[in-house]
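Participant: What follows is a structure written as C-alpha cells; I'll ask about it next.
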Number of protein chains: 2
Amino acid sequence: MEKGPIQYVLAVGSGKGGVGKSSTTALLALALARKGLKVGILDADITGPSIPKLTGLRGPLVDKGEGIEPAKSPEGIHVVSAQFMVEDDQTPVIWRGPLVTRLIIQFYGGVNWGPLDYLLLDMPPGTSDVPLTVFQTIPLDGMIFVFTPQELAALIVQKAMNMARDLHVPLLGVVENEAFLNCPHCATRIEPFGPSNVDRVAEEYGIPVLARFPVDPRISQLGDAGRLAEYDAPEPNQFADALLASIASIQKNKLTVL
Amino acid sequence: MEKGPIQYVLAVGSGKGGVGKSSTTALLALALARKGLKVGILDADITGPSIPKLTGLRGPLVDKGEGIEPAKSPEGIHVVSAQFMVEDDQTPVIWRGPLVTRLIIQFYGGVNWGPLDYLLLDMPPGTSDVPLTVFQTIPLDGMIFVFTPQELAALIVQKAMNMARDLHVPLLGVVENEAFLNCPHCATRIEPFGPSNVDRVAEEYGIPVLARFPVDPRISQLGDAGRLAEYDAPEPNQFADALLASIASIQKNKLTVL
C-alpha cells in the first residue's frame, strides 16, 4: 500500500473525559488548515467518537485499493472515525481493548492519508489500552494536554502527562477549556468551575500554555451543528501559532542535545 | 469469605466522560446516607478515579481476613477505588482491559462491603471492556445515565443507554448536569452549553428525569476539597427520592409481568 508521508503525528489527550479534547482537536485542525497546512484527524476515541459530529462528516469508509479513504471536510481536513463504520450515530461500538487497539493501528497504517503536514490523534480518556497502544506503536512527535479548571481534572490530566513522559512522548503544552465565561447580560466574568490551575501545572512540567478557551455556547452550538469551521474567535489561530512554536523549540532542543 | 448482602446494585454512567458521573454518584450516596440507608461506592473508573478526591478518602486497602476493607467516610459511606492502591494521586494506573476488569470483579466480590442497602458503581466513559464486563458479570438492578446539554453528549449517552438496554439492564432514569447557571452579579440565567435535550431523550426511552443540577462552582470547590457532604442544595435529596420511586415502579412492573 502506498502511503504519503506524514510530517508530524500529534496526540491530543487529557486522561479525563469531557474536557473538550475533541473540540480542541477540531479547532486546531481548522486553524492549521487555514494556514494552508494539510491536516488529518484520527479519531482514536473508538467507543465515544465526537469528531464526526463536530465536523459534520459521515461514513461509510471505503477502500479503493490504496487503503481506506478518509472522509474529507470542506476545509480539506482528512478524517477517520469508528463512527463511520456503524449504521447510525446512536449505535454503540461495544468492543474490548484488543479489538479497539487493532482498529487504531489500522486507522494509522491502513488509511490513505496522502501527504499530510499534521496528523492529530483525538485520544480517549483514561490511561488504559488505547493510550498505551498509541504510545507504544505510533511514532508520536508530541502530545497536547487538555484541562478544565477543577483541581480534580488537573489531577487526572497529570496522570496522563506522567504516563506520556514515562513513555518518552514529548509534552508540547497544555490547553485550558471552560476557564471562564462572560455573562451575556452584565458582562461579569464568571469562573463556573473555580479558579484556573493550568499555569501552575504548565510551570511544574516546564511546558507552555498553548491556549485558553472560554465557556462559549457558540462552540457547543456550532459543534452540535457540525459547523465548527464558522467559529471565528481569535483563540484557535493563536493556539496553532503557539503549537508550531512549541514544536520548533522542541526540535531545536533535540538538535542541541545531539 | 463472608459478605453481607447487598440489596440493590446500581450503576451510574453515561458513555461520555466529564459530564459529572462521579459528582452525581457521590451526591446521590450522600443523600441516600442522610436517609439512614447503608451505601457503598465501587469506583469502577479504574484508570480515571474521581471518587477519592470528591470524598476526601485515601488508601491503602487492607484485608483483615474478611475481604478487602473499604474506606469509610464520616457519613458512613463505604468506598473502594483503584486510587487507594497507588502511592500518590498523580501516579497513573496504566493497565490493559483484562487487568482492569479483573480488578472490578475483585472490588465487587472480594470486598467486605458489609450489609448495604445500595452499592453504587461509578462507571468509566466508553462502551468497551469495563461496562461490558460490569453488565455481564455484576447483577445490576438498574442504571442511571448522566447528561450534559450538548447534543453531542446526548448522542454518546444514548449509545451507552442502548448498550445497557441490549444487555437487559433496567434504565432507571436520567440526570442532567451543567444545564444552567445564574450570573452571581445580575442573576441572569445562562445556558452555557446550549439548551437542554434531556426531556426529549427521557421521553424517547420512557424513563424519568431524576435530577437537574446547575453549573454550581460550589460543587467544584467542595468536590476539590473532598467536602461534597457540605453541599446543602435541595437537588441531591430530590434526586434520591426520585430514584427510590423509579426503583419501586420498576419492581412493581416486574411483579405485574410475573
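Following the order of the C-alpha cells, chains are lettered A, B, ..., residues in each are numbered from 1, and ligands are numbered from 1.
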Per residue of chain B within 7 Å of chain A, which atom pair is closest and at what distance in Å (one decimal), using only C-alpha atoms, listed by chain and increasing number, as CSV?
Facilitator:
```
residue,atom,partner,partner_atom,distance
B:Gly15,CA,A:Gly48,CA,6.8
B:Lys16,CA,A:Gly48,CA,6.6
B:Gly17,CA,A:Gly17,CA,3.7
B:Gly18,CA,A:Gly18,CA,3.7
B:Val19,CA,A:Gly18,CA,6.2
B:Thr47,CA,A:Gly126,CA,5.1
B:Gly48,CA,A:Gly126,CA,5.5
B:Ser50,CA,A:Leu152,CA,6.9
B:Lys53,CA,A:Leu152,CA,6.9
B:Asp89,CA,A:Leu155,CA,6.9
B:Gln90,CA,A:Lys159,CA,5.0
B:Thr91,CA,A:Lys159,CA,5.6
B:Pro92,CA,A:Lys159,CA,4.6
B:Val93,CA,A:Thr127,CA,6.5
B:Ile94,CA,A:Thr127,CA,5.2
B:Trp95,CA,A:Ser128,CA,5.0
B:Arg96,CA,A:Asp129,CA,4.7
B:Gly97,CA,A:Gly97,CA,5.6
B:Gly126,CA,A:Thr47,CA,5.1
B:Thr127,CA,A:Ile94,CA,5.2
B:Ser128,CA,A:Trp95,CA,5.0
B:Asp129,CA,A:Arg96,CA,4.7
B:Gln150,CA,A:Ser220,CA,6.3
B:Glu151,CA,A:Asp224,CA,5.8
B:Leu152,CA,A:Asp224,CA,6.0
B:Leu155,CA,A:Gln90,CA,6.0
B:Ile156,CA,A:Gly48,CA,6.2
B:Gln158,CA,A:Gln90,CA,6.0
B:Lys159,CA,A:Pro92,CA,4.6
B:Ala160,CA,A:Pro92,CA,6.6
B:Met163,CA,A:Pro92,CA,6.3
B:Cys183,CA,A:Cys183,CA,6.4
B:His185,CA,A:Thr188,CA,6.8
B:Cys186,CA,A:Cys186,CA,6.6
B:Thr188,CA,A:His185,CA,6.8
B:Pro192,CA,A:Pro217,CA,5.2
B:Phe193,CA,A:Pro217,CA,5.2
B:Gly194,CA,A:Pro217,CA,5.8
B:Val215,CA,A:Pro192,CA,6.5
B:Asp216,CA,A:Pro192,CA,6.6
B:Pro217,CA,A:Phe193,CA,5.2
B:Ser220,CA,A:Phe193,CA,5.8
B:Gln221,CA,A:Gly194,CA,6.5
B:Asp224,CA,A:Glu151,CA,5.8
```
Participant: Those same residues - N, CA and C atoms - I'd like them written as a short mmCIF file (atom, residue, chain, number, x, y, z; two decimals), in the first residue's frame.
Facilitator:
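Contents of result-v2.cif, as written:
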```
data_model
loop_
_atom_site.label_atom_id
_atom_site.label_comp_id
_atom_site.auth_asym_id
_atom_site.auth_seq_id
_atom_site.Cartn_x
_atom_site.Cartn_y
_atom_site.Cartn_z
N GLY B 15 -21.34 6.84 29.24
CA GLY B 15 -20.65 6.68 27.98
C GLY B 15 -19.67 7.83 27.76
N LYS B 16 -20.14 9.06 28.03
CA LYS B 16 -19.32 10.25 27.83
C LYS B 16 -18.55 10.55 29.12
N GLY B 17 -17.34 11.06 28.96
CA GLY B 17 -16.57 11.48 30.13
C GLY B 17 -16.88 12.90 30.51
N GLY B 18 -16.54 13.27 31.74
CA GLY B 18 -16.59 14.67 32.14
C GLY B 18 -17.96 15.28 32.22
N VAL B 19 -19.00 14.45 32.34
CA VAL B 19 -20.34 15.01 32.45
C VAL B 19 -20.79 15.07 33.91
N THR B 47 -8.95 3.69 35.66
CA THR B 47 -7.83 4.49 35.16
C THR B 47 -8.09 5.99 35.23
N GLY B 48 -9.25 6.41 35.75
CA GLY B 48 -9.50 7.85 35.92
C GLY B 48 -10.36 8.10 37.14
N SER B 50 -12.21 9.45 40.33
CA SER B 50 -12.54 10.76 40.88
C SER B 50 -13.11 10.67 42.29
N LYS B 53 -10.98 11.80 45.52
CA LYS B 53 -10.85 13.25 45.68
C LYS B 53 -12.16 13.85 46.19
N ASP B 89 -1.63 10.62 44.28
CA ASP B 89 -2.79 10.80 43.40
C ASP B 89 -2.43 11.26 41.99
N GLN B 90 -1.15 11.31 41.66
CA GLN B 90 -0.77 11.62 40.27
C GLN B 90 -0.16 10.43 39.55
N THR B 91 -0.05 9.29 40.25
CA THR B 91 0.51 8.10 39.62
C THR B 91 -0.55 7.48 38.72
N PRO B 92 -0.27 7.34 37.42
CA PRO B 92 -1.28 6.74 36.55
C PRO B 92 -1.39 5.23 36.76
N VAL B 93 -2.60 4.70 36.61
CA VAL B 93 -2.81 3.26 36.59
C VAL B 93 -2.84 2.87 35.11
N ILE B 94 -1.72 2.32 34.61
CA ILE B 94 -1.59 2.01 33.18
C ILE B 94 -1.84 0.52 33.00
N TRP B 95 -3.07 0.16 32.89
CA TRP B 95 -3.43 -1.25 32.80
C TRP B 95 -4.26 -1.49 31.56
N ARG B 96 -4.07 -2.67 30.96
CA ARG B 96 -4.92 -3.05 29.83
C ARG B 96 -6.25 -3.60 30.35
N GLY B 97 -7.21 -3.71 29.43
CA GLY B 97 -8.57 -4.10 29.78
C GLY B 97 -8.72 -5.32 30.68
N GLY B 126 -17.14 5.46 27.86
CA GLY B 126 -16.94 4.48 26.79
C GLY B 126 -17.93 3.32 26.87
N THR B 127 -17.83 2.46 25.85
CA THR B 127 -18.69 1.27 25.81
C THR B 127 -17.81 0.05 25.55
N SER B 128 -16.60 0.07 26.16
CA SER B 128 -15.64 -1.00 25.89
C SER B 128 -15.60 -1.98 27.07
N ASP B 129 -14.42 -2.46 27.42
CA ASP B 129 -14.24 -3.54 28.37
C ASP B 129 -15.02 -3.39 29.67
N GLN B 150 -25.19 19.47 25.77
CA GLN B 150 -24.81 19.38 24.35
C GLN B 150 -25.46 18.19 23.67
N GLU B 151 -25.86 18.41 22.43
CA GLU B 151 -26.39 17.31 21.62
C GLU B 151 -25.37 16.20 21.49
N LEU B 152 -24.09 16.62 21.37
CA LEU B 152 -23.01 15.65 21.24
C LEU B 152 -22.99 14.71 22.45
N LEU B 155 -25.90 12.26 22.29
CA LEU B 155 -25.64 11.17 21.34
C LEU B 155 -24.85 10.05 21.98
N ILE B 156 -23.77 10.45 22.69
CA ILE B 156 -22.88 9.43 23.25
C ILE B 156 -23.56 8.72 24.42
N GLN B 158 -26.71 8.20 24.67
CA GLN B 158 -27.70 7.27 24.11
C GLN B 158 -27.06 5.97 23.64
N LYS B 159 -25.81 6.04 23.19
CA LYS B 159 -25.09 4.80 22.87
C LYS B 159 -25.00 3.91 24.10
N ALA B 160 -24.62 4.52 25.24
CA ALA B 160 -24.49 3.74 26.48
C ALA B 160 -25.86 3.22 26.92
N MET B 163 -26.68 0.29 24.77
CA MET B 163 -25.88 -0.86 25.19
C MET B 163 -26.50 -1.51 26.42
N CYS B 183 -26.05 34.10 36.80
CA CYS B 183 -24.96 35.06 36.97
C CYS B 183 -24.95 35.54 38.42
N HIS B 185 -23.80 38.12 39.57
CA HIS B 185 -23.93 39.58 39.66
C HIS B 185 -25.37 40.03 39.36
N CYS B 186 -25.90 39.60 38.22
CA CYS B 186 -27.22 40.12 37.81
C CYS B 186 -28.31 39.05 37.80
N THR B 188 -28.97 36.72 35.86
CA THR B 188 -29.44 36.22 34.56
C THR B 188 -29.18 34.72 34.48
N PRO B 192 -24.84 27.70 29.48
CA PRO B 192 -23.50 27.80 28.86
C PRO B 192 -23.24 26.73 27.82
N PHE B 193 -23.97 25.63 27.87
CA PHE B 193 -23.73 24.56 26.88
C PHE B 193 -24.94 24.39 25.95
N GLY B 194 -25.75 25.45 25.85
CA GLY B 194 -26.90 25.38 24.95
C GLY B 194 -28.12 24.80 25.63
N VAL B 215 -24.78 24.35 36.81
CA VAL B 215 -23.34 24.59 36.95
C VAL B 215 -23.20 25.38 38.25
N ASP B 216 -22.63 24.77 39.26
CA ASP B 216 -22.55 25.43 40.56
C ASP B 216 -21.10 25.35 41.03
N PRO B 217 -20.40 26.50 41.04
CA PRO B 217 -18.99 26.47 41.44
C PRO B 217 -18.79 25.83 42.81
N SER B 220 -17.86 22.18 42.36
CA SER B 220 -16.44 22.01 42.02
C SER B 220 -15.56 22.24 43.23
N GLN B 221 -15.86 23.34 43.94
CA GLN B 221 -14.97 23.73 45.03
C GLN B 221 -15.05 22.74 46.20
N ASP B 224 -13.39 19.53 45.06
CA ASP B 224 -11.93 19.64 45.07
C ASP B 224 -11.38 19.54 46.49
#
```
Participant: Among stretch 88-158 of chain A, which residues carry a DSSP assignment of alpha helix (DSSP H), reported as number ranges by chain?
Facilitator: A: 97-109, 129-137, 151-158
Participant: Give the strand (DSSP E or B) residues of stretch 21-240 of chain A, as DSSP finds them on the backbone, and put them as a ChimeraX atom specification.
Facilitator: /A:39-43,62-63,68-69,71-72,78-80,111,116-122,142-147,171-176,181-182,189-190,209-212
Participant: Suppose we keep N, CA and C atoms; can you now write the selection as a short mmCIF file (atom, residue, chain, number, x, y, z; two decimals), in the first residue's frame?
Facilitator:
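Saved file result-v2.cif follows:
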```
data_model
loop_
_atom_site.label_atom_id
_atom_site.label_comp_id
_atom_site.auth_asym_id
_atom_site.auth_seq_id
_atom_site.Cartn_x
_atom_site.Cartn_y
_atom_site.Cartn_z
N VAL A 39 -3.90 18.66 6.88
CA VAL A 39 -4.17 18.13 8.22
C VAL A 39 -5.10 16.93 8.17
N GLY A 40 -4.82 15.94 9.02
CA GLY A 40 -5.73 14.81 9.20
C GLY A 40 -6.09 14.65 10.66
N ILE A 41 -7.26 14.07 10.92
CA ILE A 41 -7.66 13.73 12.30
C ILE A 41 -7.96 12.24 12.35
N LEU A 42 -7.22 11.53 13.23
CA LEU A 42 -7.51 10.13 13.51
C LEU A 42 -8.29 10.12 14.83
N ASP A 43 -9.56 9.78 14.77
CA ASP A 43 -10.40 9.76 15.97
C ASP A 43 -10.13 8.47 16.73
N VAL A 62 -14.45 3.63 2.71
CA VAL A 62 -14.30 2.79 1.52
C VAL A 62 -12.82 2.63 1.20
N ASP A 63 -12.45 1.45 0.75
CA ASP A 63 -11.08 1.21 0.29
C ASP A 63 -11.10 1.09 -1.22
N ILE A 68 -7.83 2.58 3.18
CA ILE A 68 -9.13 3.18 3.49
C ILE A 68 -9.07 4.67 3.13
N GLU A 69 -10.09 5.14 2.44
CA GLU A 69 -10.15 6.57 2.10
C GLU A 69 -10.75 7.35 3.27
N ALA A 71 -12.67 10.45 5.20
CA ALA A 71 -13.65 11.46 4.82
C ALA A 71 -12.93 12.80 4.71
N LYS A 72 -13.45 13.71 3.88
CA LYS A 72 -12.77 15.00 3.68
C LYS A 72 -13.73 16.14 3.98
N HIS A 78 -8.69 15.64 6.47
CA HIS A 78 -8.96 14.22 6.30
C HIS A 78 -9.32 13.61 7.63
N VAL A 79 -10.43 12.89 7.70
CA VAL A 79 -10.91 12.38 8.99
C VAL A 79 -11.25 10.91 8.89
N VAL A 80 -10.79 10.13 9.91
CA VAL A 80 -11.21 8.74 10.03
C VAL A 80 -11.73 8.52 11.45
N VAL A 111 -4.80 3.61 6.33
CA VAL A 111 -5.60 4.67 5.71
C VAL A 111 -4.74 5.43 4.69
N LEU A 116 0.58 14.48 4.47
CA LEU A 116 -0.01 15.36 5.49
C LEU A 116 1.10 16.11 6.19
N ASP A 117 0.83 17.36 6.55
CA ASP A 117 1.75 18.07 7.44
C ASP A 117 1.52 17.63 8.88
N TYR A 118 0.27 17.53 9.28
CA TYR A 118 -0.06 17.17 10.66
C TYR A 118 -1.18 16.13 10.71
N LEU A 119 -0.92 15.04 11.42
CA LEU A 119 -1.98 14.10 11.76
C LEU A 119 -2.25 14.24 13.25
N LEU A 120 -3.49 14.62 13.60
CA LEU A 120 -3.87 14.80 15.01
C LEU A 120 -4.65 13.59 15.49
N LEU A 121 -4.24 13.01 16.61
CA LEU A 121 -4.96 11.90 17.20
C LEU A 121 -5.82 12.41 18.34
N ASP A 122 -7.14 12.27 18.22
CA ASP A 122 -8.05 12.63 19.30
C ASP A 122 -8.14 11.43 20.23
N GLY A 142 4.68 14.30 19.56
CA GLY A 142 4.38 15.08 20.75
C GLY A 142 2.92 14.97 21.12
N MET A 143 2.61 15.50 22.31
CA MET A 143 1.24 15.41 22.80
C MET A 143 0.85 16.73 23.45
N ILE A 144 -0.43 17.08 23.25
CA ILE A 144 -1.03 18.29 23.82
C ILE A 144 -2.05 17.82 24.87
N PHE A 145 -2.06 18.48 26.02
CA PHE A 145 -2.93 18.03 27.12
C PHE A 145 -4.01 19.07 27.41
N VAL A 146 -5.24 18.60 27.50
CA VAL A 146 -6.39 19.49 27.66
C VAL A 146 -6.92 19.43 29.09
N PHE A 147 -7.09 20.61 29.68
CA PHE A 147 -7.53 20.76 31.07
C PHE A 147 -8.86 21.50 31.15
N LEU A 171 6.05 16.37 25.64
CA LEU A 171 4.87 17.13 26.05
C LEU A 171 4.96 18.51 25.41
N LEU A 172 4.04 18.82 24.51
CA LEU A 172 4.15 20.06 23.72
C LEU A 172 3.53 21.26 24.43
N GLY A 173 2.60 21.01 25.33
CA GLY A 173 1.97 22.12 26.02
C GLY A 173 0.58 21.75 26.50
N VAL A 174 -0.05 22.70 27.20
CA VAL A 174 -1.38 22.45 27.76
C VAL A 174 -2.37 23.47 27.21
N VAL A 175 -3.62 23.05 27.18
CA VAL A 175 -4.72 23.90 26.73
C VAL A 175 -5.76 23.91 27.84
N GLU A 176 -6.27 25.08 28.16
CA GLU A 176 -7.32 25.14 29.18
C GLU A 176 -8.67 25.45 28.53
N LEU A 181 -16.52 32.45 31.68
CA LEU A 181 -17.49 32.94 30.70
C LEU A 181 -17.90 34.33 31.13
N ASN A 182 -18.33 35.11 30.16
CA ASN A 182 -18.80 36.45 30.45
C ASN A 182 -20.32 36.46 30.37
N ARG A 189 -17.40 38.60 34.55
CA ARG A 189 -16.62 37.41 34.25
C ARG A 189 -16.90 36.37 35.33
N ILE A 190 -17.32 35.18 34.93
CA ILE A 190 -17.69 34.11 35.87
C ILE A 190 -16.72 32.95 35.67
N VAL A 209 1.59 27.10 28.08
CA VAL A 209 0.13 27.11 27.94
C VAL A 209 -0.15 27.55 26.50
N LEU A 210 -0.69 26.66 25.70
CA LEU A 210 -0.86 26.93 24.27
C LEU A 210 -2.13 27.71 23.97
N ALA A 211 -3.15 27.54 24.80
CA ALA A 211 -4.43 28.21 24.54
C ALA A 211 -5.30 28.17 25.78
N ARG A 212 -6.20 29.15 25.86
CA ARG A 212 -7.23 29.19 26.89
C ARG A 212 -8.55 29.47 26.19
#
```
Participant: Measuring between only C-alpha atoms, which one of A:Leu222, A:Met123, A:Asn112, A:Asn177 shows the shortest distance to A:Val12?
Facilitator: A:Met123
Participant: Skipping near chain neighbours, those fewer than 3 positions away, what residues fall within 7 Å of stretch 231-240 of chain A using only C-alpha atoms, listed as an MDAnalysis selection string?
Facilitator: chainID A and resid 27:28 31:32 210:211 213 219 228 243:244
Participant: Take the residues that were just selected and, keeping N, CA and C atoms, output them as a PDB file, in the first residue's frame.
Facilitator:
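That gives us selection19.pdb:
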```pdb
ATOM      1  N   LEU A  27     -10.772  22.331  16.444  1.00  0.00           N
ATOM      2  CA  LEU A  27     -10.436  23.753  16.272  1.00  0.00           C
ATOM      3  C   LEU A  27      -8.981  23.918  15.835  1.00  0.00           C
ATOM      4  N   LEU A  28      -8.099  23.083  16.386  1.00  0.00           N
ATOM      5  CA  LEU A  28      -6.692  23.133  15.987  1.00  0.00           C
ATOM      6  C   LEU A  28      -6.536  22.729  14.519  1.00  0.00           C
ATOM      7  N   ALA A  31      -7.610  25.531  12.322  1.00  0.00           N
ATOM      8  CA  ALA A  31      -6.654  26.646  12.319  1.00  0.00           C
ATOM      9  C   ALA A  31      -5.417  26.299  11.488  1.00  0.00           C
ATOM     10  N   LEU A  32      -4.943  25.067  11.615  1.00  0.00           N
ATOM     11  CA  LEU A  32      -3.781  24.647  10.820  1.00  0.00           C
ATOM     12  C   LEU A  32      -4.134  24.636   9.331  1.00  0.00           C
ATOM     13  N   LEU A 210      -0.689  26.658  25.702  1.00  0.00           N
ATOM     14  CA  LEU A 210      -0.857  26.930  24.269  1.00  0.00           C
ATOM     15  C   LEU A 210      -2.132  27.707  23.972  1.00  0.00           C
ATOM     16  N   ALA A 211      -3.150  27.537  24.801  1.00  0.00           N
ATOM     17  CA  ALA A 211      -4.429  28.209  24.539  1.00  0.00           C
ATOM     18  C   ALA A 211      -5.300  28.174  25.783  1.00  0.00           C
ATOM     19  N   PHE A 213      -9.457  28.523  26.252  1.00  0.00           N
ATOM     20  CA  PHE A 213     -10.762  28.713  25.624  1.00  0.00           C
ATOM     21  C   PHE A 213     -11.809  28.996  26.699  1.00  0.00           C
ATOM     22  N   ILE A 219     -19.368  27.524  20.718  1.00  0.00           N
ATOM     23  CA  ILE A 219     -18.600  26.299  20.419  1.00  0.00           C
ATOM     24  C   ILE A 219     -19.536  25.095  20.486  1.00  0.00           C
ATOM     25  N   LEU A 228     -18.260  23.791  13.127  1.00  0.00           N
ATOM     26  CA  LEU A 228     -17.252  24.396  13.972  1.00  0.00           C
ATOM     27  C   LEU A 228     -16.329  25.314  13.164  1.00  0.00           C
ATOM     28  N   LEU A 243       1.436  26.359  19.161  1.00  0.00           N
ATOM     29  CA  LEU A 243       1.814  24.960  18.997  1.00  0.00           C
ATOM     30  C   LEU A 243       3.000  24.824  18.045  1.00  0.00           C
ATOM     31  N   LEU A 244       2.942  25.531  16.913  1.00  0.00           N
ATOM     32  CA  LEU A 244       4.043  25.440  15.948  1.00  0.00           C
ATOM     33  C   LEU A 244       5.344  25.937  16.592  1.00  0.00           C
TER      34      LEU A 244
END
```
Participant: If I take atom CA of A:Pro5 and atom CA of A:Lys252, how far is one from the other in Å, to one decimal?
Facilitator: 21.8 Å
Participant: Got a sec: who's within 8 Å of B:Phe135, counting only C-alpha atoms, leaving out chain neighbours fewer than 4 positions off, as a list in words?
Facilitator: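 Counting only the stated atoms, we get Pro131, Pro139, Leu140, Ala164, Leu167 and Val169 of chain B.
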